[in-house]
>>> print(open('run.txt').read())   # compact mmCIF, C-alpha atoms
# COMPACT_ATOMS: atom_id res chain seq x y z
CA MET A 180 0.00 0.00 0.00
CA PRO A 181 1.43 3.37 -0.97
CA ALA A 182 2.49 5.83 1.67
CA GLU A 183 -0.08 8.54 2.45
CA THR A 184 0.87 12.08 1.66
CA HIS A 185 -0.64 15.43 2.48
CA THR A 186 -0.33 17.15 -0.85
CA ASN A 187 -1.57 16.67 -4.36
CA GLN A 188 1.74 15.30 -5.63
CA GLY A 189 0.38 11.81 -5.19
CA PRO A 190 1.46 8.93 -3.01
CA LEU A 191 4.97 7.56 -3.23
CA ASP A 192 5.31 3.78 -3.35
CA ARG A 193 8.40 1.95 -2.20
CA ASN A 194 9.97 1.97 -5.64
CA GLY A 195 9.33 5.69 -5.86
CA VAL A 196 11.19 6.16 -2.59
CA PHE A 197 14.09 4.13 -3.96
CA GLU A 198 14.21 6.19 -7.14
CA LEU A 199 14.11 9.41 -5.15
CA ILE A 200 16.96 8.33 -2.88
CA ARG A 201 18.96 6.94 -5.80
CA ASP A 202 18.64 10.14 -7.82
CA GLN A 203 19.44 12.43 -4.91
CA LEU A 204 22.43 10.31 -4.00
CA ALA A 205 23.67 10.24 -7.59
CA ASP A 206 23.45 14.04 -7.68
CA ILE A 207 25.36 14.40 -4.41
CA LEU A 208 28.05 11.87 -5.32
CA GLU A 209 28.25 12.98 -8.97
CA THR A 210 27.75 9.43 -10.15
CA ASP A 211 25.49 7.58 -12.57
CA PRO A 212 22.15 6.71 -10.92
CA SER A 213 22.22 3.29 -12.58
CA SER A 214 25.32 2.43 -10.57
CA ILE A 215 23.40 2.76 -7.30
CA THR A 216 21.65 -0.42 -6.25
CA GLU A 217 19.52 -1.14 -3.19
CA GLY A 218 22.20 -3.38 -1.78
CA ALA A 219 24.94 -0.77 -2.01
CA SER A 220 26.65 0.22 1.21
CA PHE A 221 26.98 3.99 1.66
CA ALA A 222 30.51 3.80 3.02
CA GLU A 223 32.04 0.78 1.30
CA ASP A 224 30.41 0.77 -2.12
CA LEU A 225 29.54 4.42 -2.69
CA ASP A 226 32.33 6.20 -0.78
CA ALA A 227 29.69 8.42 0.81
CA ASP A 228 31.12 10.22 3.84
CA SER A 229 29.12 11.60 6.76
CA LEU A 230 28.72 14.98 5.09
CA ALA A 231 27.34 13.36 1.95
CA LEU A 232 24.78 11.51 4.07
CA ILE A 233 23.77 14.74 5.78
CA GLU A 234 23.37 16.27 2.31
CA LEU A 235 21.12 13.35 1.39
CA VAL A 236 19.07 13.70 4.56
CA GLU A 237 18.55 17.43 4.05
CA ALA A 238 17.64 16.91 0.40
CA LEU A 239 15.12 14.21 1.31
CA GLU A 240 13.60 16.34 4.04
CA GLU A 241 13.21 19.23 1.62
CA GLU A 242 11.72 17.04 -1.11
CA LEU A 243 9.46 14.94 1.09
CA GLY A 244 8.56 17.84 3.36
CA GLU A 245 6.63 19.22 0.40
CA ARG A 246 4.65 15.97 0.24
CA THR A 247 4.33 15.09 3.89
CA VAL A 248 4.18 17.98 6.30
CA GLY A 249 6.86 17.81 8.96
CA PHE A 250 8.76 14.92 7.38
CA ARG A 251 12.05 14.58 9.24
CA ILE A 252 14.80 12.02 9.58
CA ASP A 253 15.98 11.73 13.17
CA ASP A 254 19.71 12.22 13.68
CA GLU A 255 19.93 9.29 16.06
CA ASP A 256 18.51 6.98 13.37
CA LEU A 257 21.21 7.89 10.86
CA GLU A 258 23.78 5.55 12.35
CA ASP A 259 21.55 2.59 11.55
CA LEU A 260 21.29 3.46 7.87
CA ARG A 261 24.21 1.62 6.32
CA THR A 262 22.84 0.70 2.90
CA VAL A 263 20.54 2.23 0.33
CA ARG A 264 17.98 -0.42 1.24
CA ASP A 265 18.12 0.64 4.90
CA ALA A 266 17.38 4.20 3.84
CA VAL A 267 14.54 3.20 1.51
CA ASP A 268 12.91 1.04 4.19
CA TYR A 269 13.31 3.78 6.79
CA VAL A 270 11.91 6.56 4.62
CA TYR A 271 9.02 4.47 3.33
CA ALA A 272 8.06 3.45 6.85
CA LYS A 273 8.16 7.07 7.93
CA LEU A 274 5.93 8.10 5.06
CA GLU A 275 3.46 5.32 5.78
CA ALA A 276 3.31 6.32 9.43
CA GLY A 277 2.48 9.75 8.11
CA MET B 236 18.42 23.71 0.52
CA SER B 237 20.91 25.00 -2.03
CA ARG B 238 20.82 28.36 -3.74
CA ARG B 239 17.40 29.52 -4.83
CA GLY B 240 17.31 31.16 -8.21
CA GLU B 241 20.13 32.52 -10.31
CA ARG B 242 23.55 33.26 -8.86
CA PRO B 243 23.91 37.08 -8.59
CA THR B 244 26.11 38.73 -11.20
CA PRO B 245 29.50 40.12 -10.13
CA GLU B 246 28.01 43.61 -10.51
CA THR B 247 25.25 42.77 -8.06
CA LEU B 248 27.65 40.99 -5.70
CA ALA B 249 29.76 44.15 -5.56
CA THR B 250 26.84 45.97 -3.96
CA LEU B 251 26.13 43.31 -1.32
CA PRO B 252 27.63 43.13 2.16
CA VAL B 253 29.98 40.40 3.36
CA ALA B 254 28.37 38.23 6.04
CA VAL B 255 30.71 37.87 9.01
CA ASP B 256 30.17 35.18 11.63
CA ALA B 257 30.66 37.42 14.66
CA MET B 258 30.92 34.44 17.04
CA GLY B 259 33.54 32.41 15.12
CA GLY B 260 37.07 32.13 16.46
CA ASP B 261 39.05 32.19 19.67
CA LYS B 262 38.94 35.99 19.82
CA ALA B 263 35.24 36.37 19.00
CA PRO B 264 33.37 38.57 19.13
CA GLY B 265 35.83 41.37 20.02
CA ASP B 266 38.49 40.98 17.34
CA ILE B 267 36.00 39.75 14.76
CA VAL B 268 33.77 42.81 15.07
CA GLU B 269 36.80 45.09 15.19
CA GLY B 270 38.25 43.55 12.01
CA ALA B 271 34.91 43.84 10.25
CA ARG B 272 34.62 47.49 11.32
CA ARG B 273 38.09 48.21 9.95
CA ALA B 274 37.20 46.59 6.62
CA ALA B 275 34.15 48.84 6.48
CA GLU B 276 35.81 52.06 7.59
CA GLU B 277 39.23 51.72 5.99
CA HIS B 278 38.19 49.99 2.76
CA GLY B 279 34.52 50.81 2.31
CA THR B 280 33.42 47.17 2.35
CA ARG B 281 29.80 46.65 3.36
CA ILE B 282 29.42 44.30 6.31
CA VAL B 283 26.62 42.39 7.94
CA LEU B 284 27.50 40.72 11.22
CA VAL B 285 25.69 37.54 12.21
CA GLY B 286 25.32 36.40 15.79
CA PRO B 287 23.19 36.44 18.93
CA PRO B 288 22.78 40.13 19.86
CA ASP B 289 23.32 39.55 23.57
CA GLN B 290 26.63 37.74 22.90
CA VAL B 291 27.93 40.01 20.15
CA GLY B 292 27.42 43.13 22.23
CA ASP B 293 28.71 46.35 20.68
CA THR B 294 28.51 46.06 16.90
CA GLN B 295 30.53 49.25 16.44
CA GLY B 296 27.84 50.64 14.19
CA LEU B 297 27.70 47.62 11.86
CA GLU B 298 24.45 45.97 10.81
CA LEU B 299 23.65 42.78 12.74
CA VAL B 300 21.47 39.87 11.68
CA GLY B 301 20.42 38.27 14.95
CA CYS B 302 20.27 34.56 15.69
CA THR B 303 20.02 32.48 18.83
CA GLU B 304 22.74 29.84 18.55
CA VAL B 305 26.48 29.37 18.11
CA ILE B 306 28.27 26.23 16.88
CA GLY B 307 31.25 25.62 19.15
CA MET B 308 34.81 25.06 17.96
CA ASP B 309 34.77 21.45 19.12
CA GLU B 310 31.26 20.47 18.00
CA ASP B 311 30.59 17.79 15.41
CA PRO B 312 30.56 19.79 12.14
CA ALA B 313 27.70 18.28 10.17
CA GLY B 314 25.68 17.47 13.28
CA GLY B 315 26.15 20.98 14.61
CA VAL B 316 24.88 22.52 11.39
CA ARG B 317 21.91 20.17 11.34
CA ARG B 318 20.95 20.69 14.96
CA LYS B 319 21.62 24.42 15.19
CA LYS B 320 19.67 25.86 12.31
CA ASP B 321 19.56 29.27 13.95
CA SER B 322 23.31 29.50 14.48
CA SER B 323 25.53 32.33 13.26
CA LEU B 324 27.31 30.02 10.78
CA VAL B 325 24.13 28.66 9.23
CA ARG B 326 22.49 32.08 9.03
CA ALA B 327 25.59 33.58 7.41
CA ALA B 328 25.56 30.87 4.74
CA GLU B 329 21.84 31.45 4.18
CA LEU B 330 22.46 35.15 3.57
CA VAL B 331 24.76 34.18 0.69
CA ARG B 332 22.32 31.55 -0.57
CA ASP B 333 19.46 34.03 -0.55
CA GLY B 334 21.39 36.72 -2.39
CA LYS B 335 21.58 39.03 0.61
CA ALA B 336 25.36 38.79 1.07
CA SER B 337 28.17 38.51 -1.46
CA ALA B 338 30.25 36.10 0.64
CA MET B 339 30.65 34.72 4.13
CA VAL B 340 33.62 34.72 6.48
CA SER B 341 34.14 32.72 9.65
CA ALA B 342 37.06 32.03 11.96
CA GLY B 343 35.00 29.40 13.74
CA ASN B 344 34.80 25.61 13.53
CA THR B 345 36.37 24.80 10.14
CA GLY B 346 34.37 21.64 9.52
CA ALA B 347 31.12 23.32 10.52
CA THR B 348 31.87 26.30 8.29
CA MET B 349 32.40 23.96 5.38
CA ALA B 350 29.26 22.00 6.23
CA ALA B 351 27.16 25.15 6.58
CA ALA B 352 28.39 26.49 3.24
CA LEU B 353 27.90 23.14 1.52
CA LEU B 354 24.46 22.40 2.95
CA ARG B 355 23.04 25.90 2.56
CA MET B 356 24.74 27.30 -0.57
CA GLY B 357 24.99 23.90 -2.24
CA ARG B 358 27.72 22.48 -4.47
CA LEU B 359 28.49 23.89 -7.86
CA PRO B 360 27.33 21.55 -10.65
CA GLY B 361 29.81 18.76 -11.27
CA VAL B 362 31.79 19.26 -8.06
CA VAL B 363 32.26 15.99 -6.19
CA ARG B 364 33.52 17.53 -2.94
CA PRO B 365 34.45 21.08 -1.98
CA CYS B 366 38.06 21.66 -0.91
CA ILE B 367 40.05 24.21 1.04
CA ALA B 368 42.71 26.29 -0.71
CA THR B 369 45.33 27.94 1.48
CA PRO B 370 47.92 30.47 0.29
CA LEU B 371 51.60 29.65 0.71
CA PRO B 372 53.97 32.65 0.55
CA ARG B 373 56.43 33.14 -2.27
CA LEU B 374 58.56 36.13 -1.43
CA GLY B 375 58.03 38.98 -3.85
CA ARG B 376 55.47 37.04 -5.89
CA THR B 377 51.82 36.19 -5.62
CA PRO B 378 51.29 33.29 -3.20
CA ALA B 379 51.01 29.70 -4.31
CA VAL B 380 47.93 27.79 -3.19
CA LEU B 381 47.89 24.46 -1.36
CA VAL B 382 44.77 22.41 -1.97
CA ASP B 383 43.18 20.48 -0.23
CA ALA B 384 44.27 21.87 3.13
CA GLY B 385 41.99 19.67 5.18
CA ALA B 386 38.41 19.39 3.94
CA ASN B 387 38.64 15.79 2.67
CA ALA B 388 40.83 13.36 4.56
CA GLU B 389 40.12 10.63 2.02
CA CYS B 390 40.12 11.42 -1.69
CA THR B 391 39.89 9.77 -5.07
CA ALA B 392 42.15 10.66 -7.99
CA VAL B 393 39.20 12.33 -9.74
CA MET B 394 38.74 14.55 -6.70
CA LEU B 395 42.39 15.62 -6.83
CA VAL B 396 42.00 16.62 -10.48
CA GLN B 397 38.95 18.68 -9.58
CA PHE B 398 40.85 20.32 -6.72
CA ALA B 399 43.54 21.30 -9.23
CA GLN B 400 40.96 22.72 -11.64
CA MET B 401 39.17 24.68 -8.93
CA ALA B 402 42.36 26.01 -7.37
CA ALA B 403 43.70 27.06 -10.77
CA ALA B 404 40.49 29.00 -11.36
CA TYR B 405 40.91 30.56 -7.92
CA VAL B 406 44.47 31.82 -8.49
CA SER B 407 43.44 33.09 -11.92
CA ALA B 408 40.50 35.00 -10.45
CA ARG B 409 42.30 36.28 -7.37
CA PHE B 410 45.81 36.97 -8.66
CA GLY B 411 45.25 37.27 -12.41
CA THR B 412 47.54 34.34 -13.15
CA GLY B 413 47.13 33.13 -16.72
CA SER B 414 47.13 29.35 -17.15
CA PRO B 415 48.37 28.53 -13.63
CA THR B 416 50.85 25.71 -13.09
CA VAL B 417 49.88 22.75 -10.93
CA GLY B 418 52.19 20.39 -9.05
CA LEU B 419 51.20 17.14 -7.35
CA LEU B 420 52.61 16.58 -3.87
CA SER B 421 54.48 13.29 -3.71
CA ILE B 422 57.65 11.67 -2.41
CA GLY B 423 59.63 11.98 -5.62
CA GLU B 424 59.58 13.72 -8.97
CA GLU B 425 59.10 10.54 -10.98
CA PRO B 426 55.51 9.64 -11.95
CA THR B 427 56.08 6.18 -10.55
CA LYS B 428 56.66 7.55 -7.02
CA GLY B 429 53.91 7.80 -4.42
CA THR B 430 50.81 6.05 -3.22
CA PRO B 431 48.39 4.41 -5.66
CA LEU B 432 46.22 7.51 -5.29
CA VAL B 433 49.09 9.83 -6.24
CA LYS B 434 50.14 7.71 -9.19
CA GLU B 435 46.60 7.54 -10.54
CA ALA B 436 46.13 11.28 -10.01
CA HIS B 437 49.38 11.95 -11.87
CA GLY B 438 48.06 10.18 -14.94
CA LEU B 439 44.72 12.00 -14.80
CA LEU B 440 46.41 15.38 -14.34
CA VAL B 441 48.55 14.74 -17.42
CA GLU B 442 45.34 14.07 -19.38
CA ALA B 443 43.47 17.08 -17.94
CA ALA B 444 46.34 19.56 -18.38
CA GLY B 445 45.95 22.27 -20.99
CA HIS B 446 42.40 23.10 -19.97
CA GLY B 447 42.78 25.93 -17.45
CA PHE B 448 46.11 24.81 -16.03
CA GLU B 449 49.48 23.35 -16.91
CA PHE B 450 50.73 20.30 -15.02
CA VAL B 451 54.39 20.43 -13.97
CA GLY B 452 54.54 16.99 -12.39
CA ASN B 453 55.31 15.90 -8.86
CA LEU B 454 56.65 18.18 -6.15
CA GLU B 455 58.26 17.11 -2.92
CA GLY B 456 57.64 18.64 0.48
CA ARG B 457 60.93 20.52 0.35
CA ASP B 458 59.77 22.29 -2.83
CA LEU B 459 56.85 24.07 -1.22
CA LEU B 460 58.61 27.19 0.09
CA PRO B 461 58.73 28.75 -2.35
CA SER B 462 56.63 26.59 -4.61
CA PRO B 463 57.60 26.53 -8.29
CA ALA B 464 53.95 25.77 -9.09
CA ASP B 465 51.03 28.14 -8.60
CA VAL B 466 48.93 25.29 -7.20
CA ILE B 467 50.05 22.31 -5.10
CA VAL B 468 47.43 19.59 -5.04
CA THR B 469 47.14 16.81 -2.48
CA ASP B 470 44.53 15.03 -0.37
CA GLY B 471 43.12 16.84 2.66
CA PHE B 472 44.92 14.72 5.23
CA THR B 473 48.35 15.21 3.70
CA GLY B 474 47.58 18.85 2.97
CA ASN B 475 46.64 19.62 6.53
CA VAL B 476 49.67 17.83 7.96
CA THR B 477 51.89 19.67 5.47
CA LEU B 478 50.40 23.05 6.27
CA LYS B 479 50.69 22.63 10.03
CA SER B 480 54.26 21.33 9.65
CA LEU B 481 55.24 24.40 7.66
CA GLU B 482 53.58 26.74 10.16
CA GLY B 483 55.26 25.06 13.10
CA SER B 484 58.67 24.96 11.43
CA LEU B 485 58.56 28.61 10.48
CA ARG B 486 57.42 29.62 13.95
CA PHE B 487 60.27 27.59 15.46
CA LEU B 488 62.79 29.17 13.11
CA PHE B 489 61.69 32.75 13.81
CA ASP B 490 61.38 32.20 17.56
CA THR B 491 64.87 30.67 17.65
CA MET B 492 66.36 33.58 15.74
CA LEU B 493 64.65 36.14 17.95
CA GLY B 494 65.89 34.24 20.98
CA ILE B 495 69.49 34.50 19.74
CA PHE B 496 69.23 38.20 19.00
CA GLY B 497 70.05 40.25 22.06
CA THR B 498 71.92 37.62 24.00
CA ASP B 499 75.15 39.69 23.84
CA ASP B 500 76.55 42.80 22.19
CA ALA B 501 77.49 40.99 18.99
CA THR B 502 74.03 39.53 18.40
CA ARG B 503 72.39 42.83 19.38
CA GLY B 504 74.48 44.49 16.68
CA ALA B 505 73.54 41.82 14.20
CA ALA B 506 69.89 42.25 15.11
CA GLU B 507 70.01 45.95 14.35
CA VAL B 508 71.28 45.16 10.87
CA LEU B 509 69.16 42.08 10.13
CA LEU B 510 65.78 42.78 11.71
CA PRO B 511 64.76 45.49 9.22
CA HIS B 512 65.24 42.85 6.51
CA LEU B 513 63.78 39.90 8.40
CA LEU B 514 60.61 41.49 9.74
CA PRO B 515 59.06 42.09 6.30
CA LEU B 516 59.81 38.44 5.49
CA ALA B 517 58.16 37.36 8.73
CA ALA B 518 55.13 39.46 7.79
CA GLU B 519 54.82 37.58 4.48
CA PHE B 520 54.80 34.30 6.35
CA GLU B 521 52.28 35.56 8.92
CA PRO B 522 48.96 33.74 8.38
CA GLU B 523 46.92 36.73 9.49
CA ASN B 524 48.07 38.70 6.46
CA THR B 525 47.00 36.12 3.89
CA GLY B 526 43.25 36.61 4.18
CA GLY B 527 42.41 33.08 5.24
CA ALA B 528 41.63 29.92 3.31
CA MET B 529 39.08 29.77 0.49
CA LEU B 530 36.45 27.06 0.32
CA LEU B 531 36.16 26.04 -3.32
CA GLY B 532 33.27 24.18 -4.92
CA THR B 533 30.32 25.72 -3.10
CA ASP B 534 27.80 27.92 -4.88
CA GLY B 535 29.03 31.07 -3.17
CA VAL B 536 32.19 32.47 -1.68
CA CYS B 537 33.22 31.30 1.79
CA VAL B 538 36.46 32.27 3.51
CA ILE B 539 37.60 30.17 6.44
CA SER B 540 39.86 32.24 8.64
CA HIS B 541 42.30 30.90 11.21
CA GLY B 542 40.72 30.07 14.57
CA SER B 543 43.11 32.46 16.31
CA SER B 544 42.31 35.31 13.91
CA THR B 545 43.00 38.82 15.16
CA ALA B 546 41.19 41.93 13.97
CA THR B 547 43.79 42.33 11.21
CA ALA B 548 43.30 38.74 10.05
CA MET B 549 39.54 39.22 9.97
CA MET B 550 39.81 42.47 8.06
CA ASN B 551 42.01 40.81 5.45
CA ALA B 552 39.68 37.81 5.23
CA VAL B 553 36.71 40.11 4.62
CA LEU B 554 38.60 41.97 1.90
CA VAL B 555 39.60 38.74 0.14
CA ALA B 556 36.02 37.41 0.38
CA HIS B 557 34.55 40.56 -1.11
CA ASP B 558 37.21 40.79 -3.81
CA CYS B 559 36.75 37.18 -4.89
CA ALA B 560 32.96 37.44 -4.86
CA THR B 561 32.98 40.52 -7.06
CA ARG B 562 35.44 38.86 -9.44
CA GLY B 563 32.86 36.12 -9.95
CA LEU B 564 34.89 33.35 -8.31
CA ALA B 565 31.98 30.90 -8.15
CA ASP B 566 31.38 31.36 -11.89
CA HIS B 567 35.06 30.76 -12.65
CA VAL B 568 35.20 27.63 -10.51
CA ALA B 569 31.99 26.29 -12.06
CA ALA B 570 33.40 26.83 -15.55
CA ALA B 571 36.69 25.14 -14.61
CA VAL B 572 34.97 21.98 -13.41
CA ARG B 573 32.39 21.80 -16.18
CA PRO B 574 34.67 20.30 -18.89
CA ALA B 575 35.54 17.42 -16.57
CA GLN B 576 31.96 16.18 -16.75
CA SER B 577 32.22 15.48 -20.43
CA THR B 578 35.53 13.64 -20.26
>>> encode(input="run.txt", output="structure tokens")
Amino acid sequence: MPAETHTNQGPLDRNGVFELIRDQLADILETDPSSITEGASFAEDLDADSLALIELVEALEEELGERTVGFRIDDEDLEDLRTVRDAVDYVYAKLEAG
Amino acid sequence: MSRRGERPTPETLATLPVAVDAMGGDKAPGDIVEGARRAAEEHGTRIVLVGPPDQVGDTQGLELVGCTEVIGMDEDPAGGVRRKKDSSLVRAAELVRDGKASAMVSAGNTGATMAAALLRMGRLPGVVRPCIATPLPRLGRTPAVLVDAGANAECTAVMLVQFAQMAAAYVSARFGTGSPTVGLLSIGEEPTKGTPLVKEAHGLLVEAAGHGFEFVGNLEGRDLLPSPADVIVTDGFTGNVTLKSLEGSLRFLFDTMLGIFGTDDATRGAAEVLLPHLLPLAAEFEPENTGGAMLLGTDGVCVISHGSSTATAMMNAVLVAHDCATRGLADHVAAAVRPAQST
């Protein structure tokens, strides 16, 4: 079931969340989006440092904040997000919880 | 959260104030405000201070944009910027992002300054990671620039090439150097010397040369003062260690010489003859006269001044920030990196 949103941009399903994270990450890391898979590790496979992850978080909050009012990624949860899949699952669950 | 709308033209930037983090640095706010006031009064540079009004105190007649928080010198950089959205650093970066300031200057937490600039102004298109360019004196000539002086402890070879491109654009914009020369810091002149990173970067720099810079090959640590190249490129870890080693060595040398002078009549006589020649040299090596380090790769000008900046250091940093902004530094850096995307 797609995540509920509060605007008219339409709901975002899990694949949509993955595509959003993949594209934002590709922009931040200046890499080809097709090279970013769900199983990729931020640190080991993508060479994403802590600042790059903060860039990703802020970009996601800005993008998703327009869809879901007050959308925020908690700082203390960041340490648990080690792969793209972790991030997709986390964001999608947040959106579903609304 | 990056820049909204078009980047202001150099003509517009010339009319905007420089945003000064009034709470950044060991001597803040006193020396910071004083340096900003001197830049305004002695050089006509418009200033906007940023800081909590109750902590900044007397603004010496300068405009103040108030905020409620300060990111400490020892705080986690990215976390500090994320948690303290109403801090002087973040607000200063937002003034640049929103087209209300031409540039920002801070003598505060280096990592947080970089994070604030990156997260609020955004990266220029094509830039993988911003880097810090620090001037190295060359007596009687324009300074060389060491890049990266500490922003990125771990780098790829592609990043080093971008650092070279951005720093070359910087020395061209700031000093008017045509086709700057770039040297790669290594442990030998031969291309086969160095770490795998250095050897790979050497090959990429050979390929990239001719577009905005000329590559002169490897340089060793002993070549840096004075540097034969306009730009010395290295990773941020090596660059920071190198910079601090040079600073410490020079301080030791000058302190030792001053300690010898005056120990007896002979050295006092020698001091009378030598000091008029040595003091101007010491001034060239003095970090507070260089105007601070430039953050390259963000969509706006950001000068990171030494944590121990005095009023003179801050004044010079403000002047460099304003000068580089009005020369369109961000545009030059963006243009320098752009060709790399198509290669």
>>> residues_near_point(input="run.txt", point="(43.1, 14.7, 3.2)", cutoff="7 Å", atoms="all atoms listed in the file", output="list in words")
Asp383, Gly385, Ala386, Asn387, Ala388, Glu389, Cys390, Asp470, Gly471, Phe472, Thr473, Gly474 and Asn475 of chain B
>>> atom_distance(input="run.txt", atom1="CA of Ala402 (chain B)", atom2="CA of Asp226 (chain A)")
23.2 Å
>>> closest_residue(input="run.txt", among="A:Glu237, A:Asp265, A:Asp192, A:Glu258", to="Arg318 (chain B)", atoms="only C-alpha atoms")
A:Glu237
>>> interface_residues(input="run.txt", of="chain A", to="chain B", cutoff="10 Å", atoms="all atoms listed in the file", output="list of chain:residue names")
A:Asp206, A:Ile207, A:Leu208, A:Glu209, A:Thr210, A:Asp226, A:Asp228, A:Ser229, A:Leu230, A:Ala231, A:Leu232, A:Ile233, A:Glu234, A:Leu235, A:Val236, A:Glu237, A:Ala238, A:Glu240, A:Glu241, A:Glu242, A:Asp254
>>> closest_residue(input="run.txt", among="B:Phe450, B:Phe487, B:Phe520, B:Phe496", to="Leu420 (chain B)", atoms="all atoms listed in the file")
B:Phe450
>>> residues_near_point(input="run.txt", point="(31.7, 29.1, -8.5)", cutoff="10 Å", atoms="all atoms listed in the file", output="ChimeraX atom specification")
/B:242,358-360,362,401,404-405,531-536,560,563-572
>>> closest_residue(input="run.txt", among="A:Ala227, A:Val248, A:Leu243, A:Leu257", to="Gly195 (chain A)", atoms="all atoms listed in the file")
A:Leu243
